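A.B. asks: Input input.tsv, format and content: TSV, N, CA and C atoms.
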chain	number	residue	atom	x	y	z
S	1	MET	N	53.80	106.47	-7.97
S	1	MET	CA	53.00	105.83	-9.00
S	1	MET	C	53.91	105.19	-10.06
S	2	LEU	N	54.98	105.90	-10.39
S	2	LEU	CA	55.90	105.39	-11.41
S	2	LEU	C	56.57	104.11	-10.94
S	3	LEU	N	57.01	104.09	-9.70
S	3	LEU	CA	57.63	102.87	-9.17
S	3	LEU	C	56.62	101.73	-9.11
S	4	ALA	N	55.38	102.03	-8.79
S	4	ALA	CA	54.34	100.99	-8.78
S	4	ALA	C	54.12	100.42	-10.17
S	5	ALA	N	54.20	101.27	-11.18
S	5	ALA	CA	54.05	100.79	-12.56
S	5	ALA	C	55.19	99.85	-12.92
S	6	PHE	N	56.42	100.24	-12.57
S	6	PHE	CA	57.57	99.38	-12.85
S	6	PHE	C	57.45	98.07	-12.09
S	7	ASP	N	57.08	98.14	-10.81
S	7	ASP	CA	56.90	96.92	-10.02
S	7	ASP	C	55.85	96.01	-10.64
S	8	GLY	N	54.75	96.61	-11.10
S	8	GLY	CA	53.68	95.83	-11.72
S	8	GLY	C	54.12	95.12	-12.98
S	9	VAL	N	54.86	95.82	-13.82
S	9	VAL	CA	55.36	95.21	-15.06
S	9	VAL	C	56.37	94.11	-14.73
S	10	ILE	N	57.28	94.39	-13.81
S	10	ILE	CA	58.29	93.40	-13.46
S	10	ILE	C	57.64	92.15	-12.88
S	11	GLN	N	56.65	92.34	-12.03
S	11	GLN	CA	55.93	91.20	-11.44
S	11	GLN	C	55.25	90.36	-12.53
S	12	ARG	N	54.57	91.01	-13.44
S	12	ARG	CA	53.87	90.30	-14.51
S	12	ARG	C	54.85	89.58	-15.44
S	13	LEU	N	55.94	90.25	-15.78
S	13	LEU	CA	56.90	89.64	-16.69
S	13	LEU	C	57.65	88.47	-16.03
S	14	THR	N	57.89	88.57	-14.74
S	14	THR	CA	58.51	87.45	-14.04
S	14	THR	C	57.58	86.24	-14.07
S	15	ALA	N	56.30	86.46	-13.82
S	15	ALA	CA	55.32	85.37	-13.88
S	15	ALA	C	55.22	84.82	-15.30
S	16	ALA	N	55.23	85.71	-16.29
S	16	ALA	CA	55.16	85.27	-17.69
S	16	ALA	C	56.38	84.44	-18.05
S	17	GLN	N	57.55	84.86	-17.60
S	17	GLN	CA	58.78	84.12	-17.89
S	17	GLN	C	58.71	82.71	-17.31
S	18	GLU	N	58.16	82.57	-16.11
S	18	GLU	CA	58.03	81.25	-15.50
S	18	GLU	C	57.07	80.37	-16.31
S	19	LEU	N	55.97	80.96	-16.79
S	19	LEU	CA	55.02	80.20	-17.61
S	19	LEU	C	55.64	79.79	-18.94
S	20	ILE	N	56.40	80.68	-19.54
S	20	ILE	CA	57.06	80.37	-20.81
S	20	ILE	C	58.06	79.24	-20.62
S	21	ALA	N	58.81	79.29	-19.51
S	21	ALA	CA	59.78	78.23	-19.21
S	21	ALA	C	59.10	76.89	-19.00
S	22	ALA	N	57.85	76.92	-18.55
S	22	ALA	CA	57.07	75.69	-18.33
S	22	ALA	C	56.29	75.29	-19.58
S	23	ASN	N	56.62	75.88	-20.73
S	23	ASN	CA	55.94	75.62	-22.00
S	23	ASN	C	54.44	75.91	-21.94
S	24	GLU	N	54.08	76.94	-21.19
S	24	GLU	CA	52.69	77.38	-21.10
S	24	GLU	C	52.57	78.82	-21.58
S	25	THR	N	53.13	79.06	-22.76
S	25	THR	CA	53.16	80.40	-23.32
S	25	THR	C	51.78	81.00	-23.47
S	26	TRP	N	50.80	80.19	-23.78
S	26	TRP	CA	49.43	80.70	-23.94
S	26	TRP	C	48.92	81.30	-22.63
S	27	LYS	N	49.36	80.76	-21.49
S	27	LYS	CA	48.97	81.34	-20.20
S	27	LYS	C	49.72	82.64	-19.91
S	28	ALA	N	50.86	82.82	-20.54
S	28	ALA	CA	51.66	84.03	-20.34
S	28	ALA	C	51.14	85.21	-21.16
S	29	GLN	N	50.38	84.92	-22.22
S	29	GLN	CA	49.93	85.99	-23.12
S	29	GLN	C	49.20	87.13	-22.42
S	30	PRO	N	48.23	86.86	-21.52
S	30	PRO	CA	47.56	87.99	-20.86
S	30	PRO	C	48.52	88.84	-20.03
S	31	LEU	N	49.51	88.20	-19.42
S	31	LEU	CA	50.51	88.94	-18.65
S	31	LEU	C	51.38	89.80	-19.56
S	32	LEU	N	51.75	89.26	-20.69
S	32	LEU	CA	52.54	90.02	-21.65
S	32	LEU	C	51.75	91.20	-22.21
S	33	LEU	N	50.49	90.97	-22.54
S	33	LEU	CA	49.66	92.04	-23.07
S	33	LEU	C	49.44	93.16	-22.06
S	34	ARG	N	49.19	92.80	-20.82
S	34	ARG	CA	49.00	93.80	-19.77
S	34	ARG	C	50.30	94.58	-19.55
S	35	SER	N	51.42	93.89	-19.60
S	35	SER	CA	52.72	94.56	-19.46
S	35	SER	C	52.94	95.54	-20.61
S	36	GLN	N	52.59	95.13	-21.83
S	36	GLN	CA	52.72	96.02	-22.97
S	36	GLN	C	51.87	97.27	-22.77
S	37	ARG	N	50.68	97.09	-22.28
S	37	ARG	CA	49.78	98.23	-22.07
S	37	ARG	C	50.35	99.22	-21.05
S	38	ILE	N	50.91	98.70	-19.97
S	38	ILE	CA	51.49	99.57	-18.95
S	38	ILE	C	52.71	100.31	-19.52
S	39	VAL	N	53.57	99.60	-20.24
S	39	VAL	CA	54.76	100.24	-20.81
S	39	VAL	C	54.34	101.29	-21.84
S	40	LEU	N	53.31	101.01	-22.61
S	40	LEU	CA	52.81	102.01	-23.57
S	40	LEU	C	52.28	103.24	-22.85
S	41	GLU	N	51.64	103.05	-21.72
S	41	GLU	CA	51.14	104.18	-20.93
S	41	GLU	C	52.31	104.99	-20.38
S	42	LEU	N	53.35	104.31	-19.92
S	42	LEU	CA	54.55	105.01	-19.46
S	42	LEU	C	55.15	105.83	-20.61
S	43	TYR	N	55.22	105.22	-21.77
S	43	TYR	CA	55.77	105.89	-22.95
S	43	TYR	C	54.94	107.12	-23.31
S	44	SER	N	53.64	106.98	-23.26
S	44	SER	CA	52.76	108.09	-23.63
S	44	SER	C	52.86	109.26	-22.65
S	45	GLY	N	53.34	109.00	-21.44
S	45	GLY	CA	53.49	110.06	-20.46
S	45	GLY	C	54.78	110.86	-20.60
S	46	LEU	N	55.64	110.48	-21.51
S	46	LEU	CA	56.90	111.21	-21.71
S	46	LEU	C	56.67	112.51	-22.47
S	47	ASP	N	57.36	113.54	-22.06
S	47	ASP	CA	57.36	114.79	-22.81
S	47	ASP	C	58.71	114.89	-23.51
S	48	LEU	N	58.74	114.49	-24.75
S	48	LEU	CA	59.99	114.40	-25.49
S	48	LEU	C	60.62	115.76	-25.79
S	49	ARG	N	59.89	116.84	-25.50
S	49	ARG	CA	60.43	118.18	-25.70
S	49	ARG	C	61.41	118.56	-24.58
S	50	LEU	N	61.47	117.75	-23.52
S	50	LEU	CA	62.28	118.10	-22.35
S	50	LEU	C	63.71	117.58	-22.41
S	51	GLY	N	64.15	117.11	-23.55
S	51	GLY	CA	65.56	116.77	-23.69
S	51	GLY	C	65.89	115.30	-23.76
S	52	ASP	N	67.12	115.01	-23.38
S	52	ASP	CA	67.68	113.68	-23.56
S	52	ASP	C	67.08	112.62	-22.63
S	53	VAL	N	66.76	112.99	-21.40
S	53	VAL	CA	66.27	111.98	-20.45
S	53	VAL	C	64.96	111.36	-20.95
S	54	PRO	N	63.94	112.17	-21.28
S	54	PRO	CA	62.71	111.52	-21.79
S	54	PRO	C	62.94	110.78	-23.10
S	55	ASP	N	63.81	111.31	-23.94
S	55	ASP	CA	64.11	110.64	-25.20
S	55	ASP	C	64.75	109.28	-24.95
S	56	ASN	N	65.69	109.23	-24.03
S	56	ASN	CA	66.34	107.95	-23.70
S	56	ASN	C	65.38	106.99	-23.02
S	57	MET	N	64.51	107.51	-22.15
S	57	MET	CA	63.50	106.66	-21.52
S	57	MET	C	62.58	106.06	-22.60
S	58	GLY	N	62.22	106.88	-23.57
S	58	GLY	CA	61.39	106.40	-24.66
S	58	GLY	C	62.06	105.26	-25.42
S	59	LYS	N	63.33	105.38	-25.65
S	59	LYS	CA	64.07	104.32	-26.33
S	59	LYS	C	64.08	103.04	-25.50
S	60	LEU	N	64.24	103.18	-24.18
S	60	LEU	CA	64.20	102.01	-23.31
S	60	LEU	C	62.82	101.36	-23.33
S	61	TYR	N	61.77	102.17	-23.27
S	61	TYR	CA	60.41	101.62	-23.32
S	61	TYR	C	60.17	100.88	-24.64
S	62	LEU	N	60.64	101.45	-25.74
S	62	LEU	CA	60.48	100.78	-27.04
S	62	LEU	C	61.26	99.47	-27.09
S	63	PHE	N	62.44	99.46	-26.50
S	63	PHE	CA	63.22	98.22	-26.42
S	63	PHE	C	62.45	97.16	-25.64
S	64	VAL	N	61.89	97.55	-24.49
S	64	VAL	CA	61.13	96.61	-23.67
S	64	VAL	C	59.93	96.09	-24.46
S	65	LEU	N	59.22	96.98	-25.13
S	65	LEU	CA	58.07	96.54	-25.94
S	65	LEU	C	58.49	95.55	-27.01
S	66	ASN	N	59.63	95.79	-27.62
S	66	ASN	CA	60.15	94.87	-28.63
S	66	ASN	C	60.44	93.51	-28.01
S	67	CYS	N	60.96	93.51	-26.79
S	67	CYS	CA	61.33	92.26	-26.11
S	67	CYS	C	60.12	91.45	-25.64
S	68	ILE	N	59.02	92.12	-25.36
S	68	ILE	CA	57.89	91.40	-24.76
S	68	ILE	C	56.75	91.15	-25.74
S	69	GLY	N	57.08	91.12	-27.01
S	69	GLY	CA	56.10	90.62	-27.95
S	69	GLY	C	55.67	91.55	-29.05
S	70	MET	N	56.19	92.77	-29.07
S	70	MET	CA	55.82	93.67	-30.15
S	70	MET	C	56.92	93.73	-31.20
S	71	GLY	N	57.87	92.84	-31.08
S	71	GLY	CA	58.97	92.76	-32.03
S	71	GLY	C	59.00	91.38	-32.66
S	72	GLU	N	60.13	91.07	-33.26
S	72	GLU	CA	60.25	89.80	-33.97
S	72	GLU	C	60.40	88.60	-33.06
S	73	SER	N	60.99	88.79	-31.88
S	73	SER	CA	61.20	87.65	-30.99
S	73	SER	C	60.93	88.05	-29.55
S	74	LEU	N	60.57	87.07	-28.75
S	74	LEU	CA	60.28	87.27	-27.34
S	74	LEU	C	61.57	87.15	-26.54
S	75	ASN	N	61.86	88.16	-25.72
S	75	ASN	CA	63.08	88.15	-24.91
S	75	ASN	C	62.76	88.77	-23.55
S	76	VAL	N	61.98	88.06	-22.76
S	76	VAL	CA	61.54	88.56	-21.47
S	76	VAL	C	62.72	88.84	-20.53
S	77	PRO	N	63.76	87.99	-20.49
S	77	PRO	CA	64.88	88.29	-19.59
S	77	PRO	C	65.53	89.65	-19.86
S	78	SER	N	65.70	90.01	-21.11
S	78	SER	CA	66.29	91.32	-21.44
S	78	SER	C	65.38	92.45	-21.00
S	79	ALA	N	64.08	92.29	-21.20
S	79	ALA	CA	63.13	93.30	-20.75
S	79	ALA	C	63.20	93.47	-19.24
S	80	LEU	N	63.26	92.35	-18.53
S	80	LEU	CA	63.36	92.41	-17.07
S	80	LEU	C	64.65	93.07	-16.61
S	81	ASP	N	65.75	92.80	-17.30
S	81	ASP	CA	67.02	93.43	-16.95
S	81	ASP	C	66.93	94.96	-17.06
S	82	VAL	N	66.41	95.44	-18.18
S	82	VAL	CA	66.30	96.88	-18.40
S	82	VAL	C	65.34	97.51	-17.39
S	83	LEU	N	64.18	96.90	-17.22
S	83	LEU	CA	63.21	97.46	-16.27
S	83	LEU	C	63.76	97.48	-14.85
S	84	GLY	N	64.48	96.45	-14.47
S	84	GLY	CA	65.07	96.40	-13.13
S	84	GLY	C	66.09	97.50	-12.91
S	85	ILE	N	66.93	97.73	-13.89
S	85	ILE	CA	67.94	98.78	-13.78
S	85	ILE	C	67.28	100.16	-13.66
S	86	VAL	N	66.29	100.42	-14.52
S	86	VAL	CA	65.61	101.71	-14.48
S	86	VAL	C	64.85	101.88	-13.17
S	87	ARG	N	64.17	100.82	-12.73
S	87	ARG	CA	63.41	100.88	-11.49
S	87	ARG	C	64.33	101.15	-10.30
S	88	ASP	N	65.48	100.51	-10.25
S	88	ASP	CA	66.43	100.74	-9.17
S	88	ASP	C	66.94	102.18	-9.19
S	89	GLY	N	67.20	102.70	-10.37
S	89	GLY	CA	67.64	104.09	-10.49
S	89	GLY	C	66.57	105.07	-10.03
S	90	LEU	N	65.33	104.82	-10.40
S	90	LEU	CA	64.23	105.67	-9.95
S	90	LEU	C	64.07	105.61	-8.44
S	91	ASN	N	64.22	104.44	-7.89
S	91	ASN	CA	64.10	104.29	-6.44
S	91	ASN	C	65.21	105.05	-5.72
S	92	ASP	N	66.40	105.07	-6.31
S	92	ASP	CA	67.53	105.77	-5.70
S	92	ASP	C	67.31	107.28	-5.62
S	93	VAL	N	66.58	107.85	-6.58
S	93	VAL	CA	66.37	109.31	-6.59
S	93	VAL	C	65.00	109.71	-6.07
S	94	ARG	N	64.23	108.77	-5.61
S	94	ARG	CA	62.85	109.03	-5.17
S	94	ARG	C	62.78	110.09	-4.07
S	95	ASP	N	63.51	109.90	-3.00
S	95	ASP	CA	63.45	110.85	-1.88
S	95	ASP	C	63.89	112.25	-2.30
S	96	MET	N	64.93	112.33	-3.10
S	96	MET	CA	65.40	113.63	-3.57
S	96	MET	C	64.34	114.31	-4.44
S	97	ALA	N	63.67	113.55	-5.30
S	97	ALA	CA	62.64	114.12	-6.16
S	97	ALA	C	61.45	114.62	-5.34
S	98	ILE	N	61.05	113.89	-4.32
S	98	ILE	CA	59.96	114.32	-3.45
S	98	ILE	C	60.33	115.63	-2.76
S	99	GLU	N	61.54	115.71	-2.25
S	99	GLU	CA	61.99	116.93	-1.57
S	99	GLU	C	62.01	118.12	-2.54
S	100	LEU	N	62.51	117.93	-3.75
S	100	LEU	CA	62.54	119.01	-4.74
S	100	LEU	C	61.13	119.44	-5.13
S	101	GLU	N	60.19	118.50	-5.21
S	101	GLU	CA	58.79	118.86	-5.48
S	101	GLU	C	58.24	119.72	-4.37
S	102	HIS	N	58.49	119.34	-3.13
S	102	HIS	CA	57.98	120.10	-1.98
S	102	HIS	C	58.56	121.52	-1.94
S	103	ARG	N	59.80	121.68	-2.36
S	103	ARG	CA	60.43	123.00	-2.38
S	103	ARG	C	60.01	123.83	-3.58
S	104	GLY	N	59.32	123.20	-4.53
S	104	GLY	CA	58.92	123.91	-5.74
S	104	GLY	C	60.01	124.00	-6.78
S	105	GLN	N	61.08	123.25	-6.58
S	105	GLN	CA	62.20	123.27	-7.53
S	105	GLN	C	62.01	122.26	-8.65
S	106	LEU	N	61.03	121.40	-8.52
S	106	LEU	CA	60.72	120.39	-9.52
S	106	LEU	C	59.20	120.35	-9.64
S	107	PRO	N	58.69	120.48	-10.87
S	107	PRO	CA	57.23	120.45	-11.00
S	107	PRO	C	56.69	119.08	-10.60
S	108	GLN	N	55.51	119.09	-10.01
S	108	GLN	CA	54.90	117.82	-9.63
S	108	GLN	C	54.58	117.02	-10.88
S	109	ALA	N	54.77	115.71	-10.76
S	109	ALA	CA	54.48	114.83	-11.89
S	109	ALA	C	52.99	114.81	-12.15
S	110	PRO	N	52.59	114.84	-13.43
S	110	PRO	CA	51.16	114.74	-13.73
S	110	PRO	C	50.64	113.38	-13.31
S	111	HIS	N	49.41	113.34	-12.90
S	111	HIS	CA	48.81	112.08	-12.47
S	111	HIS	C	48.36	111.28	-13.68
S	112	GLN	N	48.81	110.05	-13.76
S	112	GLN	CA	48.36	109.13	-14.80
S	112	GLN	C	47.08	108.50	-14.31
S	113	THR	N	46.00	108.68	-15.03
S	113	THR	CA	44.72	108.19	-14.52
S	113	THR	C	44.24	106.92	-15.20
S	114	HIS	N	44.89	106.49	-16.22
S	114	HIS	CA	44.39	105.34	-16.97
S	114	HIS	C	44.95	104.04	-16.41
S	115	VAL	N	45.85	103.48	-17.13
S	115	VAL	CA	46.40	102.16	-16.82
S	115	VAL	C	47.17	102.16	-15.52
S	116	LEU	N	47.87	103.24	-15.22
S	116	LEU	CA	48.76	103.23	-14.07
S	116	LEU	C	48.02	103.19	-12.74
S	117	GLN	N	46.79	103.67	-12.70
S	117	GLN	CA	46.04	103.61	-11.46
S	117	GLN	C	45.69	102.21	-11.05
S	118	ASP	N	45.51	101.34	-12.00
S	118	ASP	CA	45.13	99.98	-11.66
S	118	ASP	C	46.22	98.98	-12.00
S	119	VAL	N	47.46	99.37	-11.77
S	119	VAL	CA	48.61	98.51	-12.06
S	119	VAL	C	48.48	97.19	-11.30
S	120	ALA	N	48.00	97.25	-10.10
S	120	ALA	CA	47.88	96.03	-9.29
S	120	ALA	C	46.77	95.12	-9.79
S	121	GLY	N	45.90	95.63	-10.61
S	121	GLY	CA	44.76	94.84	-11.09
S	121	GLY	C	45.05	93.91	-12.21
Rewrite the coordinates I just gave you, this time as structure tokens.

C.D. replies:
Amino acid sequence: MLLAAFDGVIQRLTAAQELIAANETWKAQPLLLRSQRIVLELYSGLDLRLGDVPDNMGKLYLFVLNCIGMGESLNVPSALDVLGIVRDGLNDVRDMAIELEHRGQLPQAPHQTHVLQDVAG
């Protein structure tokens, strides 16, 4: 589900970047807003009591939100760079995380039922 959320945001931001480059920023706005909503949902799913990893992820999510319209300037390429790096890292550890969940060595991730379920929508 987490990788699907990242893929959904990256897909939307790539489309938004193309629209912005074509001077059709008004058409990019719904894509930017939906991306913000997904990133906010990802942020809300963090348990900051669990140490540095969730704290650092939170900082990355806030940076992305700043880049895609909740800050002073729009910087979609930087947001895409960060999201791509994090998504690739998550993909690299996916199989190991699934195996650790099956062994009971890693708690199963809570199911996000709001925005993340309809990422493709």

A.B. asks: What's the separation between CA of Leu13 (chain S) and CA of Gly45 (chain S), in Å to one decimal place?

C.D. replies: 21.0 Å

A.B. asks: Between CA of Val93 (chain S) and atom C of Ser35 (chain S), measure the distance and give it in Å to one decimal.

C.D. replies: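 Between CA of Val93 (chain S) and atom C of Ser35 (chain S) the gap is 23.8 Å.
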
A.B. asks: Could you find all residues in chain S that DSSP calls alpha helix (DSSP H) from the backbone, and write them as a PyMOL selection string?

C.D. replies: chain S and resi 2-21+25-44+52-65+76-103

A.B. asks: Check the smallest atom-to-atom distance from each of S:Tyr43, S:Leu80, S:Asn75, S:Ile20 to Leu62 (chain S) using only C-alpha atoms, then report the winner.

C.D. replies: S:Tyr43

A.B. asks: For a quick check of understanding, using only C-alpha atoms, which of S:Ser44, S:Ile68, S:Val86, S:Gln11 has the smallest distance to Gln29 (chain S)?

C.D. replies: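 Once distances to Gln29 (chain S) are computed over only C-alpha atoms, the minimum belongs to S:Ile68.
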
A.B. asks: Report the distance between CA of Leu65 (chain S) and CA of Ile85 (chain S) in Å, rounded to one decimal place.

C.D. replies: 15.8 Å
